[in-house]
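Visitor: File name coords-v3.cif; file contents mmCIF, C-alpha atoms and all ligand atoms; full text below.
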```
data_structure
#
loop_
_atom_site.label_atom_id
_atom_site.label_comp_id
_atom_site.auth_asym_id
_atom_site.auth_seq_id
_atom_site.Cartn_x
_atom_site.Cartn_y
_atom_site.Cartn_z
CA MET A 1 -0.96 16.26 64.00
CA ALA A 2 -1.53 12.82 65.52
CA GLU A 3 1.61 11.12 66.74
CA LEU A 4 3.25 9.23 63.90
CA LYS A 5 3.76 5.48 64.14
CA TYR A 6 6.83 3.61 63.01
CA ILE A 7 8.08 0.07 62.43
CA SER A 8 11.19 -0.70 64.46
CA GLY A 9 14.24 -2.62 63.25
CA PHE A 10 17.26 -2.41 60.98
CA GLY A 11 17.54 -4.04 57.56
CA ASN A 12 14.50 -6.28 58.03
CA GLU A 13 11.92 -7.27 55.47
CA CYS A 14 8.96 -5.11 56.48
CA SER A 15 5.51 -4.56 55.12
CA SER A 16 2.96 -1.83 55.66
CA GLU A 17 -0.54 -0.99 54.45
CA ASP A 18 -2.30 2.31 54.93
CA PRO A 19 -5.09 1.34 57.37
CA ARG A 20 -7.63 2.97 55.04
CA CYS A 21 -7.02 0.14 52.54
CA PRO A 22 -6.77 -3.20 54.34
CA GLY A 23 -5.47 -6.00 52.13
CA SER A 24 -3.72 -3.61 49.75
CA LEU A 25 -0.55 -5.74 49.70
CA PRO A 26 -0.90 -8.55 47.19
CA GLU A 27 -0.75 -11.94 48.83
CA GLY A 28 1.95 -14.42 47.83
CA GLN A 29 3.25 -12.54 44.79
CA ASN A 30 4.59 -9.15 43.80
CA ASN A 31 2.94 -8.70 40.43
CA PRO A 32 -0.66 -9.84 40.31
CA GLN A 33 -2.32 -9.30 36.96
CA VAL A 34 -4.47 -6.74 38.75
CA CYS A 35 -3.33 -5.47 42.15
CA PRO A 36 -5.72 -5.07 45.10
CA TYR A 37 -7.59 -1.76 44.90
CA ASN A 38 -6.40 -1.52 41.25
CA LEU A 39 -3.06 -0.14 42.37
CA TYR A 40 0.10 -0.16 40.28
CA ALA A 41 3.08 -2.28 41.40
CA GLU A 42 6.50 -0.58 41.27
CA GLN A 43 9.88 -1.79 42.49
CA LEU A 44 12.53 0.46 44.01
CA SER A 45 15.96 -1.13 44.16
CA GLY A 46 18.93 -0.21 46.34
CA SER A 47 21.34 -2.87 45.15
CA ALA A 48 22.25 -4.50 41.86
CA PHE A 49 19.80 -7.31 41.16
CA THR A 50 22.75 -9.69 41.04
CA CYS A 51 23.70 -9.05 44.70
CA PRO A 52 23.41 -12.13 46.89
CA ARG A 53 20.19 -12.24 48.89
CA SER A 54 22.06 -11.29 52.10
CA THR A 55 22.98 -7.87 50.67
CA ASN A 56 20.12 -7.35 48.25
CA LYS A 57 17.95 -4.29 48.91
CA ARG A 58 14.66 -3.58 47.23
CA SER A 59 11.09 -2.64 48.06
CA TRP A 60 7.78 -3.06 46.29
CA LEU A 61 5.41 -0.09 46.25
CA TYR A 62 1.69 -0.35 45.48
CA ARG A 63 0.57 3.05 44.32
CA ILE A 64 -2.25 4.96 42.71
CA LEU A 65 -0.11 5.91 39.71
CA PRO A 66 3.44 4.77 38.93
CA SER A 67 6.14 7.36 39.45
CA VAL A 68 6.76 7.45 35.70
CA SER A 69 3.54 9.53 35.29
CA HIS A 70 5.30 12.85 34.87
CA LYS A 71 6.18 15.33 32.12
CA PRO A 72 9.82 15.37 30.90
CA PHE A 73 12.52 16.67 33.23
CA GLU A 74 13.99 20.05 32.46
CA SER A 75 17.15 21.56 33.83
CA ILE A 76 16.71 24.11 36.63
CA ASP A 77 19.05 26.45 38.46
CA GLU A 78 21.39 24.53 40.76
CA GLY A 79 21.52 27.29 43.34
CA GLN A 80 24.37 26.36 45.66
CA VAL A 81 24.48 22.66 44.81
CA THR A 82 27.63 21.54 43.06
CA HIS A 83 29.72 18.47 42.36
CA ASN A 84 32.63 20.47 41.00
CA TRP A 85 35.48 19.61 43.36
CA ASP A 86 37.89 21.91 41.52
CA GLU A 87 36.09 25.21 42.13
CA VAL A 88 38.85 26.53 44.35
CA ASP A 89 42.47 25.62 44.92
CA PRO A 90 43.06 22.86 47.46
CA ASP A 91 43.55 24.04 51.04
CA PRO A 92 45.09 21.72 53.62
CA ASN A 93 44.45 24.07 56.53
CA GLN A 94 42.27 23.24 59.50
CA LEU A 95 38.94 24.79 58.61
CA ARG A 96 36.17 25.79 60.94
CA TRP A 97 32.83 27.41 60.21
CA LYS A 98 30.79 29.58 62.53
CA PRO A 99 27.11 28.60 62.70
CA PHE A 100 25.65 28.73 59.22
CA GLU A 101 22.90 31.32 59.01
CA ILE A 102 19.34 30.27 58.31
CA PRO A 103 17.72 32.98 56.18
CA LYS A 104 14.71 34.73 57.70
CA ALA A 105 11.37 33.66 56.16
CA SER A 106 10.25 37.29 56.26
CA GLN A 107 13.10 38.15 53.87
CA LYS A 108 13.19 35.12 51.60
CA LYS A 109 11.32 31.84 51.65
CA VAL A 110 13.71 28.95 51.24
CA ASP A 111 12.69 25.30 51.26
CA PHE A 112 14.85 22.20 51.75
CA VAL A 113 15.94 21.98 48.11
CA SER A 114 16.57 25.66 47.48
CA GLY A 115 18.36 25.74 50.84
CA LEU A 116 20.92 23.06 49.96
CA HIS A 117 24.49 24.38 49.94
CA THR A 118 27.33 22.06 49.04
CA LEU A 119 30.19 22.57 51.49
CA CYS A 120 32.66 19.90 50.48
CA GLY A 121 32.94 16.58 48.77
CA ALA A 122 34.97 14.24 46.61
CA GLY A 123 34.53 11.47 44.13
CA ASP A 124 33.10 10.85 40.74
CA ILE A 125 29.39 11.32 40.38
CA LYS A 126 29.14 9.19 37.25
CA SER A 127 30.77 6.15 38.78
CA ASN A 128 28.63 6.51 41.92
CA ASN A 129 31.67 6.65 44.13
CA GLY A 130 31.96 9.63 46.39
CA LEU A 131 30.55 11.80 49.08
CA ALA A 132 29.22 15.33 49.42
CA ILE A 133 28.42 17.30 52.53
CA HIS A 134 25.60 19.81 52.07
CA ILE A 135 24.39 22.32 54.61
CA PHE A 136 20.62 22.78 54.43
CA LEU A 137 19.44 26.22 55.47
CA CYS A 138 15.69 26.48 55.08
CA ASN A 139 12.75 28.23 56.66
CA THR A 140 9.77 26.97 54.64
CA SER A 141 8.09 23.66 53.84
CA MET A 142 8.24 22.10 50.40
CA GLU A 143 4.90 22.97 48.82
CA ASN A 144 3.80 20.75 45.97
CA ARG A 145 7.50 20.06 45.48
CA CYS A 146 9.45 16.93 46.31
CA PHE A 147 12.99 15.79 45.77
CA TYR A 148 14.90 12.65 44.94
CA ASN A 149 18.59 12.18 44.51
CA SER A 150 19.91 9.93 41.76
CA ASP A 151 23.50 10.61 42.83
CA GLY A 152 23.42 9.24 46.30
CA ASP A 153 21.47 8.96 49.47
CA PHE A 154 20.91 11.39 52.25
CA LEU A 155 21.90 11.04 55.86
CA ILE A 156 20.24 14.13 57.33
CA VAL A 157 21.32 15.62 60.66
CA PRO A 158 18.91 18.40 61.71
CA GLN A 159 20.34 20.90 64.17
CA LYS A 160 17.54 23.41 64.59
CA GLY A 161 13.80 23.02 63.98
CA ASN A 162 11.86 19.89 63.19
CA LEU A 163 11.67 18.13 59.84
CA LEU A 164 8.40 16.51 58.91
CA ILE A 165 9.53 14.39 56.02
CA TYR A 166 7.02 12.93 53.58
CA THR A 167 8.45 9.88 51.83
CA GLU A 168 6.78 7.42 49.51
CA PHE A 169 6.96 4.96 52.45
CA GLY A 170 5.17 7.29 54.88
CA LYS A 171 5.90 10.26 57.12
CA MET A 172 8.75 10.75 59.59
CA LEU A 173 9.17 13.50 62.14
CA VAL A 174 12.89 14.11 62.60
CA GLN A 175 13.94 16.42 65.40
CA PRO A 176 17.34 17.70 66.51
CA ASN A 177 19.35 14.84 68.07
CA GLU A 178 17.70 12.45 65.63
CA ILE A 179 19.03 11.57 62.19
CA CYS A 180 17.34 10.05 59.18
CA VAL A 181 18.53 8.17 56.16
CA ILE A 182 16.84 8.39 52.74
CA GLN A 183 17.83 5.74 51.77
CA ILE A 184 20.96 3.84 51.57
CA PRO A 185 22.43 0.51 52.38
CA TRP A 186 24.37 1.92 55.33
CA VAL A 187 25.29 -0.80 57.77
CA PHE A 188 25.88 -0.56 61.44
CA LEU A 189 28.59 -2.10 63.50
CA LYS A 190 29.04 -5.69 64.43
CA GLY A 191 28.19 -7.32 67.74
CA ALA A 192 24.89 -8.50 69.14
CA ASN A 193 24.11 -5.65 71.52
CA GLY A 194 25.26 -2.14 72.30
CA LEU A 195 26.22 0.92 70.24
CA ALA A 196 23.29 1.50 67.84
CA ASN A 197 20.75 -1.21 68.60
CA PRO A 198 18.64 -2.45 65.67
CA ARG A 199 15.28 -1.90 67.33
CA ASP A 200 15.94 1.83 67.72
CA PHE A 201 15.86 2.39 63.95
CA LEU A 202 12.36 3.53 63.03
CA ILE A 203 10.76 3.10 59.61
CA PRO A 204 7.64 5.02 58.54
CA ILE A 205 4.34 3.27 57.93
CA ALA A 206 2.42 3.46 54.66
CA TRP A 207 0.47 6.66 54.11
CA TYR A 208 -1.02 7.94 50.88
CA GLU A 209 -2.80 10.98 49.57
CA ASP A 210 -4.93 10.85 46.42
CA ARG A 211 -4.44 14.49 45.62
CA GLN A 212 -4.80 16.05 42.19
CA VAL A 213 -2.58 19.06 41.44
CA PRO A 214 -3.25 19.55 37.73
CA GLY A 215 0.13 20.31 36.15
CA GLY A 216 1.26 21.69 39.44
CA TYR A 217 3.31 19.15 41.35
CA THR A 218 7.06 19.49 40.81
CA VAL A 219 9.41 16.56 41.20
CA ILE A 220 13.00 17.75 41.54
CA ASN A 221 15.82 15.39 40.79
CA LYS A 222 19.56 15.72 41.39
CA TYR A 223 21.12 13.80 38.55
CA GLN A 224 24.84 13.78 37.74
CA GLY A 225 25.25 16.81 39.97
CA LYS A 226 22.63 18.95 38.21
CA LEU A 227 19.08 19.76 39.25
CA PHE A 228 16.10 18.94 37.05
CA ALA A 229 12.37 19.42 37.53
CA ALA A 230 9.39 17.56 36.11
CA LYS A 231 5.74 18.46 36.50
CA GLN A 232 2.97 16.02 37.25
CA ASP A 233 -0.73 16.14 37.98
CA VAL A 234 -0.80 14.22 41.24
CA SER A 235 0.97 14.07 44.54
CA PRO A 236 3.74 11.44 44.36
CA PHE A 237 2.91 10.39 47.93
CA ASN A 238 0.36 7.96 46.58
CA VAL A 239 1.78 4.68 47.87
CA VAL A 240 -0.98 2.75 49.60
CA ALA A 241 1.12 -0.24 50.64
CA TRP A 242 4.70 -1.41 50.45
CA HIS A 243 6.93 -4.26 51.44
CA GLY A 244 10.66 -4.78 51.33
CA ASN A 245 13.98 -4.07 53.00
CA TYR A 246 14.94 -0.84 51.22
CA THR A 247 13.24 1.88 53.25
CA PRO A 248 13.99 5.24 54.80
CA TYR A 249 14.51 5.28 58.54
CA LYS A 250 15.28 7.52 61.48
CA TYR A 251 17.31 7.03 64.63
CA ASN A 252 17.41 8.95 67.88
CA LEU A 253 21.01 9.52 68.94
CA LYS A 254 20.03 9.40 72.62
CA ASN A 255 19.57 5.63 72.16
CA PHE A 256 23.22 5.06 71.30
CA MET A 257 24.67 2.78 73.95
CA VAL A 258 28.07 4.35 74.46
CA ILE A 259 31.12 2.22 75.04
CA ASN A 260 34.23 3.86 76.43
CA SER A 261 37.59 3.12 78.01
CA VAL A 262 37.19 1.71 81.55
CA ALA A 263 40.92 1.16 82.12
CA PHE A 264 43.31 3.62 80.53
CA ASP A 265 43.88 5.56 77.30
CA HIS A 266 41.60 7.30 74.87
CA ALA A 267 40.05 4.74 72.53
CA ASP A 268 39.80 5.66 68.89
CA PRO A 269 36.39 6.95 67.84
CA SER A 270 35.46 3.80 65.94
CA ILE A 271 33.68 2.95 69.21
CA PHE A 272 31.31 5.84 68.51
CA THR A 273 30.31 4.74 65.01
CA VAL A 274 26.57 4.71 64.43
CA LEU A 275 26.48 3.85 60.71
CA THR A 276 28.97 3.04 58.00
CA ALA A 277 28.72 3.54 54.25
CA LYS A 278 31.22 0.97 53.05
CA SER A 279 33.63 1.37 50.17
CA VAL A 280 34.77 -1.60 48.11
CA ARG A 281 37.88 -1.87 50.33
CA PRO A 282 37.17 -4.02 53.38
CA GLY A 283 37.16 -1.96 56.59
CA VAL A 284 37.49 1.34 54.74
CA ALA A 285 34.44 3.57 54.65
CA ILE A 286 33.20 6.09 52.12
CA ALA A 287 31.93 7.61 55.36
CA ASP A 288 31.48 6.54 58.93
CA PHE A 289 28.87 8.50 60.84
CA VAL A 290 30.26 8.92 64.34
CA ILE A 291 28.82 10.69 67.39
CA PHE A 292 30.29 11.98 70.66
CA PRO A 293 27.45 11.53 73.16
CA PRO A 294 27.30 12.31 76.88
CA ARG A 295 29.10 9.58 78.85
CA TRP A 296 31.29 8.85 81.85
CA GLY A 297 35.04 9.37 81.60
CA VAL A 298 36.83 7.08 84.06
CA ALA A 299 40.14 6.23 82.41
CA ASP A 300 43.06 6.14 84.88
CA LYS A 301 46.40 7.89 84.30
CA THR A 302 45.10 9.17 81.01
CA PHE A 303 44.88 12.38 79.05
CA ARG A 304 41.13 11.97 78.50
CA PRO A 305 40.21 14.37 75.66
CA PRO A 306 40.99 13.41 72.05
CA TYR A 307 44.69 13.03 71.34
CA TYR A 308 46.58 15.10 68.80
CA HIS A 309 46.51 13.36 65.48
CA ARG A 310 46.96 13.35 61.71
CA ASN A 311 44.81 10.89 59.82
CA CYS A 312 44.78 9.28 56.42
CA MET A 313 41.03 9.95 56.59
CA SER A 314 39.18 13.31 56.34
CA GLU A 315 37.04 14.43 59.26
CA PHE A 316 34.05 16.72 58.93
CA MET A 317 32.54 17.55 62.33
CA GLY A 318 29.39 19.33 63.41
CA LEU A 319 27.79 20.16 66.71
CA ILE A 320 24.09 19.67 67.35
CA ARG A 321 24.14 21.08 70.86
CA GLY A 322 26.41 21.82 73.83
CA HIS A 323 30.22 22.02 73.77
CA TYR A 324 32.70 19.68 72.18
CA GLU A 325 35.18 18.33 74.73
CA ALA A 326 38.30 19.24 72.75
CA LYS A 327 37.19 22.83 72.05
CA GLN A 328 35.27 24.68 74.72
CA GLY A 329 35.03 27.82 72.60
CA GLY A 330 34.77 28.56 68.89
CA PHE A 331 33.15 25.32 67.77
CA LEU A 332 29.48 26.15 68.10
CA PRO A 333 26.14 24.40 67.53
CA GLY A 334 25.19 24.78 63.89
CA GLY A 335 28.80 25.27 62.79
CA GLY A 336 31.29 22.76 61.44
CA SER A 337 34.92 21.90 60.98
CA LEU A 338 37.01 20.05 58.43
CA HIS A 339 40.32 18.40 59.18
CA SER A 340 41.58 17.07 55.89
CA THR A 341 43.79 14.14 55.04
CA MET A 342 46.94 14.30 57.23
CA THR A 343 46.04 17.77 58.53
CA PRO A 344 47.15 17.97 62.16
CA HIS A 345 44.56 18.77 64.80
CA GLY A 346 43.52 18.03 68.36
CA PRO A 347 42.54 19.75 71.58
CA ASP A 348 42.92 23.50 71.80
CA ALA A 349 45.58 24.91 74.14
CA ASP A 350 43.14 25.52 76.95
CA CYS A 351 41.80 21.98 76.84
CA PHE A 352 45.35 20.58 76.85
CA GLU A 353 46.39 22.62 79.89
CA LYS A 354 43.32 21.68 81.89
CA ALA A 355 43.18 18.00 81.00
CA SER A 356 46.87 17.41 81.66
CA LYS A 357 46.62 18.98 85.13
CA VAL A 358 43.24 17.85 86.38
CA LYS A 359 43.04 15.34 89.24
CA LEU A 360 41.41 12.33 87.62
CA ALA A 361 38.11 11.13 89.02
CA PRO A 362 35.04 9.65 87.36
CA GLU A 363 33.53 12.53 85.51
CA ARG A 364 30.61 13.23 83.20
CA ILE A 365 31.86 14.15 79.74
CA ALA A 366 29.85 16.20 77.31
CA ASP A 367 26.62 16.31 79.33
CA GLY A 368 23.87 17.93 77.27
CA THR A 369 26.07 17.72 74.20
CA MET A 370 25.97 16.01 70.84
CA ALA A 371 28.79 16.37 68.35
CA PHE A 372 29.04 14.28 65.20
CA MET A 373 31.62 13.44 62.58
CA PHE A 374 31.71 12.09 59.05
CA GLU A 375 34.99 10.22 58.80
CA SER A 376 35.77 9.58 55.15
CA SER A 377 38.49 7.80 53.25
CA LEU A 378 38.09 10.42 50.49
CA SER A 379 40.13 13.61 50.38
CA LEU A 380 37.37 16.22 50.51
CA ALA A 381 37.48 19.41 48.45
CA VAL A 382 35.80 22.53 49.79
CA THR A 383 33.46 24.50 47.51
CA LYS A 384 33.50 28.19 46.70
CA TRP A 385 30.41 28.58 48.89
CA GLY A 386 32.20 26.87 51.77
CA LEU A 387 35.30 29.04 51.53
CA LYS A 388 33.75 32.36 50.60
CA ALA A 389 30.04 32.81 49.93
CA SER A 390 28.88 31.26 53.20
CA ARG A 391 30.82 34.03 55.00
CA CYS A 392 31.08 31.68 57.97
CA LEU A 393 34.69 30.53 57.71
CA ASP A 394 36.44 31.25 61.01
CA GLU A 395 39.68 33.00 59.98
CA ASN A 396 41.00 32.67 63.51
CA TYR A 397 40.63 28.93 63.95
CA HIS A 398 44.36 28.22 63.89
CA LYS A 399 44.81 30.56 66.85
CA CYS A 400 43.28 28.06 69.26
CA TRP A 401 46.52 26.08 69.08
CA GLU A 402 48.91 29.06 69.10
CA PRO A 403 49.24 29.20 72.92
CA LEU A 404 50.46 25.59 73.05
CA LYS A 405 53.89 25.75 74.63
CA SER A 406 56.66 23.29 75.21
CA HIS A 407 56.57 21.60 78.61
CA PHE A 408 59.72 19.63 77.87
CA THR A 409 61.88 19.01 80.95
CA PRO A 410 65.10 17.47 79.59
CA ASN A 411 66.56 16.88 83.06
CA SER A 412 63.56 15.35 84.74
CA ARG A 413 61.76 12.30 83.37
CA ASN A 414 58.90 12.15 85.83
CA PRO A 415 55.95 14.37 85.10
CA ALA A 416 54.82 16.50 88.01
CA GLU A 417 51.90 15.02 89.93
CA PRO A 418 48.63 16.78 89.08
CA ASN A 419 47.44 19.01 91.92
O1 LIG A 501 39.30 15.28 65.79
C1 LIG A 501 38.38 15.07 66.57
O2 LIG A 501 38.12 15.83 67.50
C2 LIG A 501 37.61 13.79 66.44
C3 LIG A 501 38.28 12.71 67.18
C4 LIG A 501 37.86 12.40 68.43
C5 LIG A 501 38.49 11.43 69.16
O3 LIG A 501 38.02 11.12 70.37
C6 LIG A 501 39.61 10.80 68.64
C7 LIG A 501 40.02 11.09 67.34
C8 LIG A 501 39.36 12.03 66.60
O4 LIG A 501 39.68 12.32 65.33
FE FE A 502 40.21 14.16 64.46
#
```
Would you mind giving the structure from this file in structure tokens?
Guide:
Amino acid sequence: MAELKYISGFGNECSSEDPRCPGSLPEGQNNPQVCPYNLYAEQLSGSAFTCPRSTNKRSWLYRILPSVSHKPFESIDEGQVTHNWDEVDPDPNQLRWKPFEIPKASQKKVDFVSGLHTLCGAGDIKSNNGLAIHIFLCNTSMENRCFYNSDGDFLIVPQKGNLLIYTEFGKMLVQPNEICVIQIPWVFLKGANGLANPRDFLIPIAWYEDRQVPGGYTVINKYQGKLFAAKQDVSPFNVVAWHGNYTPYKYNLKNFMVINSVAFDHADPSIFTVLTAKSVRPGVAIADFVIFPPRWGVADKTFRPPYYHRNCMSEFMGLIRGHYEAKQGGFLPGGGSLHSTMTPHGPDADCFEKASKVKLAPERIADGTMAFMFESSLSLAVTKWGLKASRCLDENYHKCWEPLKSHFTPNSRNPAEPN
């Protein structure tokens, strides 16, 4: 496949026409009586229409048929998708999952939607206030099937294999160490330069197919936590041109310009925030998406790994590749961990012993590694699949802290010099 092209930028007003139909965007208005190429005009909104212009999100799509051209939706089997946060009793323990297993295509073909497994979440689906973390375990492309989510937006973090994602705005290739967002008014941090830079966000360009699939194209919708399917006769990827500021995008994590302590102490991981999904409370996120990229550690007289902590927030972590600095073993690529509200956690015993003894010098941290975290103000509930059916829960996680011993020296204030 030819290399895909993208538009670069974050939150801009963009426009794109499939090169096969030059002039397909109406000039000077959104709703001509007849659109160029006899297309239909359709708006997709991502904010209430009353939002001030500065926060208003919407796009205009010019398409062969409007998306309403489908048969009625009917309920389908949810598989492992749930929004029931009371499936199992609450569990405040530190939880860690071994790498989730991707089923073998030779045994069972599973596409993105049938491979969605809800791991944890919180909130009320009907008031559009909440968060769910799903693990997608798939081995097959969506064939004449597509998916949209009425309950929220996806931030997708692939760990293994490439995702070629067809959206109504065009195609995106998303590979491990890249993320994509479909499609949400996430914001990124303040400041003119550094951290995630706006030009590194890539938006697809318009691409359409005029493909008939008589009665055979299935549109799947997640609505109020349930899955529904509707049939239609044509491919929904029939948008010839679009303009607007509500678009999907991808971002390569290698472009994150890392900022770190250059004096002393371990800074809190807000410095590693790539994107934030805001709540209505200023400064408090439904979820921050945070990464722990390769960087230099140079802090003087400092215990450099993460500190021990208990947070009012919940922390779900995953590892794309390499080793996480606070846990050399046990936390593996493709696995995950959940440290819930006020649940204590921090470096394992081995990490503590080494980092409190090592002679400090400038040092590469996490080379070849990429860990990520969703930091949420919601108290996340784990699903039955997460606790049991996934069969990946690491029953021994707590043991990584068991060897921690007291180093208290009541009669000597001064710590021994590191060797
Ligand atoms: O728990 C973790 O490993 C994530 C984390 C990393 C860090 O550098 C500081 C705080 C924090 O929660
Ligand atoms: Fe933490």
Visitor: Residues at most 8 Å from A:Gly334, counting all atoms listed in the file, excluding those fewer than 6 positions away in the same chain, as an NGL selection string?
Guide: :A and (98-100 or 159-160 or 318-321)
Visitor: Which residues are near A:Gln43? Cut-off 7 Å, all atoms listed in the file, ignore same chain within fewer than 2 positions. Put them as a ChimeraX atom specification.
Guide: /A:41,45,58-61
Visitor: Could you list the protein, DNA and RNA residues that have any atom within 8 Å of ligand FE 502 (chain A), counting all atoms listed in the file, and write them as a list in words?
Guide: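 The residues near ligand FE 502 (chain A) are Pro306, Tyr308, His309, Arg310, Asn311, Glu315, His339, His345 and Gly346 of chain A.
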Visitor: Using all atoms listed in the file, pick whichever of A:Leu119, A:Leu65, A:Met313, A:Leu380 has the shortest atom-to-atom distance to ligand LIG 501 (chain A).
Guide: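 Answer, going by the shortest atom-to-atom distance: A:Met313.
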Visitor: Please identify all polymer residues within 7 Å of stretch 375-379 of chain A, counting all atoms listed in the file, omitting same-chain residues fewer than 6 positions from it, and present them as a list of chain:residue names.
Guide: A:Ala122, A:Val284, A:Ala285, A:Ile286, A:Ala287, A:Asp288, A:Phe289, A:Met313, A:Ser314, A:Glu315, A:Phe316, A:Ser340, A:Thr341
Visitor: What are the nearest atom pairs, with distances in Å to one decimal, for all residues of stretch 229-329 of chain A that come at most 7 Å from stretch 13-35 of chain A, using all atoms listed in the file, set out by chain and rising residue number as CSV?
Guide:
```
residue,atom,partner,partner_atom,distance
A:Val240,CA,A:Asp18,CA,5.5
A:Ala241,CA,A:Glu17,CA,4.2
A:Trp242,CA,A:Ser16,CA,5.5
A:His243,CA,A:Ser15,CA,4.0
A:Gly244,CA,A:Glu13,CA,5.0
A:Asn245,CA,A:Glu13,CA,4.5
```
Visitor: Take the residues just selected and output them with C-alpha atoms as a PDB file, in the coordinates of the input.
Guide:
```pdb
ATOM      1  CA  VAL A 240      -0.980   2.750  49.600  1.00  0.00           C
ATOM      2  CA  ALA A 241       1.120  -0.240  50.640  1.00  0.00           C
ATOM      3  CA  TRP A 242       4.700  -1.410  50.450  1.00  0.00           C
ATOM      4  CA  HIS A 243       6.930  -4.260  51.440  1.00  0.00           C
ATOM      5  CA  GLY A 244      10.660  -4.780  51.330  1.00  0.00           C
ATOM      6  CA  ASN A 245      13.980  -4.070  53.000  1.00  0.00           C
TER       7      ASN A 245
END
```
Visitor: How far is it from atom CA of A:Ala2 to atom CA of A:Asn238, in Å with one decimal?
Guide: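 Calculated distance between atom CA of A:Ala2 and atom CA of A:Asn238 is 19.6 Å.
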Visitor: Which protein, DNA or RNA residues have an atom at most 10 Å from (22.8, 23.3, 45.6), counting only C-alpha atoms? List them as a list in words.
Guide: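 With a cut-off of 10 Å, the residues come to Asp77, Glu78, Gly79, Gln80, Val81, Thr82, His83, Val113, Ser114, Gly115, Leu116, His117, Thr118, Leu119, His134, Ile135, Phe136, Lys222, Gly225, Lys226, Leu227 and Trp385 of chain A.
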Visitor: Which residue is closest to ligand LIG 501 (chain A)? Choose from A:Met257, A:Ile220, A:Ala366, A:Val157 and count all atoms listed in the file.
Guide: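 Among the listed residues, A:Ala366 lies closest to ligand LIG 501 (chain A).
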Visitor: Determine the nearest neighbour of A:Lys126 from the options A:Asn139, A:Ser150, A:Asn221, A:Ser356, counting all atoms listed in the file.
Guide: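 Of A:Asn139, A:Ser150, A:Asn221, A:Ser356, the one nearest A:Lys126, counting all atoms listed in the file, is A:Ser150.
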Visitor: Extract, using all atoms listed in the file, all DNA, RNA and protein residues at most 7 Å from A:Met317, discarding same-chain residues fewer than 3 positions from it, and format them as a PyMOL selection string.
Guide: chain A and resi 336-338+372-374
Visitor: Name the closest residue to ligand LIG 501 (chain A) among the candidates A:Ser54, A:Asn396, A:Ser270, A:Ser390; distances are taken between atoms, counting only C-alpha atoms and all ligand atoms.
Guide: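 Ranked by minimum distance to ligand LIG 501 (chain A), first place goes to A:Ser270.
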Visitor: Which residue out of A:Pro403, A:Pro410, A:Pro236, A:Gly335 has the minimum interatomic distance to A:Arg391 when all atoms listed in the file are used?
Guide: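 So, comparing all the options, the nearest one is A:Gly335.
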Visitor: Nearest to ligand LIG 501 (chain A) among A:His266, A:Arg199, A:Arg63, A:Arg211, with distances taken over all atoms listed in the file: which residue is it?
Guide: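 Selected residue with least distance to ligand LIG 501 (chain A): A:His266.
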Visitor: Could you state the separation of atom C5 of ligand LIG 501 (chain A) and atom CA of A:Val258 in Å, given to one decimal place?
Guide: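 Atom CA of A:Val258 lies at a distance of 13.7 Å from atom C5 of ligand LIG 501 (chain A).
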Visitor: Please complete stretch 221-231 of chain A with N, CA and C atoms and give it back as a compact mmCIF listing (two decimals), in the frame of the given file.
Guide:
```txt
# COMPACT_ATOMS: atom_id res chain seq x y z
N ASN A 221 14.88 16.51 40.80
CA ASN A 221 15.82 15.39 40.79
C ASN A 221 17.25 15.94 40.72
N LYS A 222 18.13 15.42 41.56
CA LYS A 222 19.56 15.72 41.39
C LYS A 222 20.15 14.55 40.63
N TYR A 223 20.63 14.85 39.44
CA TYR A 223 21.12 13.80 38.55
C TYR A 223 22.46 14.24 37.97
N GLN A 224 23.48 13.45 38.18
CA GLN A 224 24.84 13.78 37.74
C GLN A 224 25.21 15.20 38.15
N GLY A 225 24.82 15.54 39.37
CA GLY A 225 25.25 16.81 39.97
C GLY A 225 24.41 18.01 39.58
N LYS A 226 23.46 17.82 38.66
CA LYS A 226 22.63 18.95 38.21
C LYS A 226 21.21 18.75 38.71
N LEU A 227 20.48 19.86 38.82
CA LEU A 227 19.08 19.76 39.25
C LEU A 227 18.15 19.83 38.04
N PHE A 228 17.12 19.00 38.09
CA PHE A 228 16.10 18.94 37.05
C PHE A 228 14.74 18.95 37.71
N ALA A 229 13.73 19.43 36.97
CA ALA A 229 12.37 19.42 37.53
C ALA A 229 11.41 18.86 36.48
N ALA A 230 10.45 18.08 36.97
CA ALA A 230 9.39 17.56 36.11
C ALA A 230 8.06 17.84 36.78
N LYS A 231 7.08 18.18 35.97
CA LYS A 231 5.74 18.46 36.50
C LYS A 231 4.89 17.21 36.42
```
